[in-house]
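Encoded as structure tokens, the structure appears first; notes follow it.
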Amino acid sequence: MPPSSRTHSVGSVLAAALLWGTTGTAQALAPAGTHPAAVGAMRLAVGGLALLALSAARGQLGRGQPWPPVATALSAMGIAAYQLCFFAGVARTGVAVGTMVAIGSAPIAAGLLGFRVRGERLGGAWLTATALAVTGCSLLAISGGNVRADPVGIALALGAGASYASYTVTLKGLLEHHPPDAVMATVFCLAAILLLPGLFVFDLGWLQQPRGLAVALHLGVVATALAYGLFARGLRTVPVGTAATLSLAEPLAAVLLGVMALGERLSGGEMLGVGLLFAGITLLAAGSRPAARSRRWAGP
């Protein structure tokens with residue numbers, strides 16, 4: 001792959017992660033009493049419809065080879081399972097541990113699954129960058145909230161990380177035969193259908209308020225449709241493990257946005273976490289550019 005194309009793909013994944021990083025601030029600005037699971041279900045519903053409309057407008061839904069039912073179903077189930085496992089894990093074990101385990105385990109699981117299923121080699125740069133980034137995420141999580149270890153909550157958070165790895169690997173396979181917008185529209189609409197019952201369980205009165213509607217539209221259109229569209233374009237050419245580690249820019253963006261938009265202050269441990277996280281992402285992004293130096297290396 002030409003270095004310019006590689007850089008563009010890395011930039012697309014990083015841009016997606018930065019947009020994902022706005023979700024926490026957006027949820028914090030939602031009306032009081034808004035249930036996180038309802039927000040997650042609405043996010044998938046709005047995002048899926050936006051992706052479907054975009055893909056249909058571009059005439060991409062009928063292009064490509066026939067859709068493999070197993071890979072398509074696994075992608076949709078992985079996206080839906082991530083929402084459920086993450087919210088449930090955080091509810092049981094707290095934001096600090098739940099986020100640390102889910103986000104920290106995702107790139108490791110994705111790298112190992114990409115190696116096992118697709119034969120993508122990881123490489124020393126990926127190992128170093130992932131170790132730095134995961135350590136940084138851990139410091140951010142531990143320093144930013146009360147820590148309590150609940151075995152079931154930790155298992156659910158690990159399930160969220162595994163779900164992320166699963167749908168990233170299956171999405172990459174689908175992207176080899178279908179346009180990015182069509183892939184994301186299809187799997188997100190299916191995932192939204194799987195979570196549709198959640199829209200009838202929780203109170204949706206918050207959508208009647210202008211602020212609540214704005215939050216739903218931002219999460220669905222910007223943090224889902226636009227973000228995952230960029231992620232899909234980058235994932236077409238970036239290895240699964242690399243894409244997952246680069247996605248750790250999400251908590252980095254969330255922390256910086258919290259400081260700038262919500263007036264939050266960082267402790268010494270959080271500042272160290274930001275530094276390590278930034279160092280890991282920078283190392284991986286910089287190491288991905290000179291691809292010609294690696295003769296048979298399929299990793300970052």
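Residue numbering restarts at 1 in every chain; chains get A, B, ... in the order shown in the structure tokens, and ligands count up from 1 in that same order.
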Next item on the list: Could you give me, as a list in words, the residues within 10 Å of stretch 66-75 of chain A, counting only C-alpha atoms and dropping anything in the same chain fewer than 5 positions from it?
Entry: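 Within the cut-off, the hits are Ala80, Ala81, Ser163, Tyr164, Ser166, Tyr167, Thr168, Val169, Thr170, Leu171, Lys172, Gly173, Leu174, His177, His178, Val183, Met184, Thr186, Val187, Phe188, Leu190 and Ala191 of chain A.
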Margin query: Show me, as a list of chain:residue names, the residues that have an atom within 8 Å of A:Val221 when counting only C-alpha atoms, minus same-chain residues fewer than 3 positions from it.
Written below: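 In the requested format, the answer is A:Val46, A:Gly47, A:Ala50, A:Leu217, A:His218, A:Thr224, A:Ala225, A:Leu226.
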Margin query: as number ranges by chain, please: every residue in stretch 98-288 of chain A that a backbone DSSP assignment puts in helix (DSSP H, G or I).
Written below: A: 98-118, 123-143, 151-175, 180-194, 198-201, 205-208, 210-235, 240-246, 249-262, 268-287
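Taking atom CA of A:Ile79 as the reference point, atom CA of A:Arg92 is found at 20.4 Å.
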Contacts of A:Gly89 within 7 Å, only C-alpha atoms, excl. fewer than 6 positions in-chain, as a tab-separated table (two decimals) with C-alpha atoms, in the first residue's frame:
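This went into part.tsv:
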```
chain	number	residue	atom	x	y	z
A	98	GLY	CA	-15.89	-1.04	33.58
A	153	GLY	CA	-19.34	-6.66	36.03
A	154	ILE	CA	-15.77	-7.39	35.00
A	156	LEU	CA	-19.51	-8.16	31.19
A	157	ALA	CA	-16.84	-5.53	30.47
```
Next item on the list: For A:Val222, please output as a list in words all residues within 12 Å (counting only C-alpha atoms; exclusion window: fewer than 5 positions along the same chain).
Entry: Ala15, Ala16, Ala17, Leu18, Leu19, Trp20, Gly21, Thr22, Thr23, Ala26, Arg43, Leu44, Val46, Gly47, Gly48, Ala50, Leu51, Ala214, Val215, Ala216, Leu217, Ala227, Tyr228, Gly229 and Leu230 of chain A
Take the residues from that selection and put them in a file with C-alpha atoms, as an mmCIF file, in the first residue's frame.
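Contents of result-v6.cif, as written:
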```cif
data_model
loop_
_atom_site.group_PDB
_atom_site.id
_atom_site.type_symbol
_atom_site.label_atom_id
_atom_site.label_comp_id
_atom_site.auth_asym_id
_atom_site.auth_seq_id
_atom_site.Cartn_x
_atom_site.Cartn_y
_atom_site.Cartn_z
ATOM 1 C CA ALA A 15 -10.979 10.791 13.171
ATOM 2 C CA ALA A 16 -13.627 8.179 13.962
ATOM 3 C CA ALA A 17 -12.193 7.694 17.446
ATOM 4 C CA LEU A 18 -12.222 11.438 18.081
ATOM 5 C CA LEU A 19 -15.901 11.576 17.123
ATOM 6 C CA TRP A 20 -16.630 8.595 19.417
ATOM 7 C CA GLY A 21 -14.946 10.581 22.160
ATOM 8 C CA THR A 22 -17.794 13.116 22.071
ATOM 9 C CA THR A 23 -20.374 10.560 23.237
ATOM 10 C CA ALA A 26 -23.133 14.440 24.804
ATOM 11 C CA ARG A 43 -28.032 5.956 18.978
ATOM 12 C CA LEU A 44 -28.046 2.750 16.953
ATOM 13 C CA VAL A 46 -30.718 6.986 14.398
ATOM 14 C CA GLY A 47 -27.252 6.017 13.190
ATOM 15 C CA GLY A 48 -28.522 2.987 11.298
ATOM 16 C CA ALA A 50 -28.716 7.764 8.648
ATOM 17 C CA LEU A 51 -26.275 5.233 7.214
ATOM 18 C CA ALA A 214 -30.108 17.339 19.878
ATOM 19 C CA VAL A 215 -28.204 14.723 21.896
ATOM 20 C CA ALA A 216 -29.916 11.856 20.040
ATOM 21 C CA LEU A 217 -29.179 13.414 16.647
ATOM 22 C CA ALA A 227 -17.766 8.097 12.819
ATOM 23 C CA TYR A 228 -18.361 4.516 11.716
ATOM 24 C CA GLY A 229 -18.312 5.568 8.076
ATOM 25 C CA LEU A 230 -14.786 6.886 8.623
#
```
Report the closest atom pair, with its distance in Å rounded to one decimal, for each residue of stretch 170-247 of chain A that has an atom no farther than 8 Å from stretch 267-291 of chain A; count only C-alpha atoms, sort by chain and then rising residue number, and write it as CSV.
```
residue,atom,partner,partner_atom,distance
A:Thr242,CA,A:Leu284,CA,7.5
A:Thr245,CA,A:Ile281,CA,7.2
A:Leu246,CA,A:Ile281,CA,5.8
```
Take the residues from that selection and put them in a file with C-alpha atoms, as a PDB file, in the first residue's frame.
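Dumped everything to out-v9.pdb:
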```
ATOM      1  CA  THR A 242      -3.875  -1.494  14.575  1.00  0.00           C
ATOM      2  CA  THR A 245      -5.367   0.424  19.239  1.00  0.00           C
ATOM      3  CA  LEU A 246      -5.828   3.638  17.273  1.00  0.00           C
TER       4      LEU A 246
END
```
Note to self: With distances taken over only C-alpha atoms, which residue among A:Ala223, A:Gln60, A:Pro180, A:Arg118 lies nearest A:Glu250?
What the structure shows: A:Ala223
Notebook entry, point to check: Taking into account only C-alpha atoms, which residue in the set A:Phe87, A:Phe231, A:Trp126, A:Phe202 is nearest to A:Leu158?
Noted result: A:Phe87
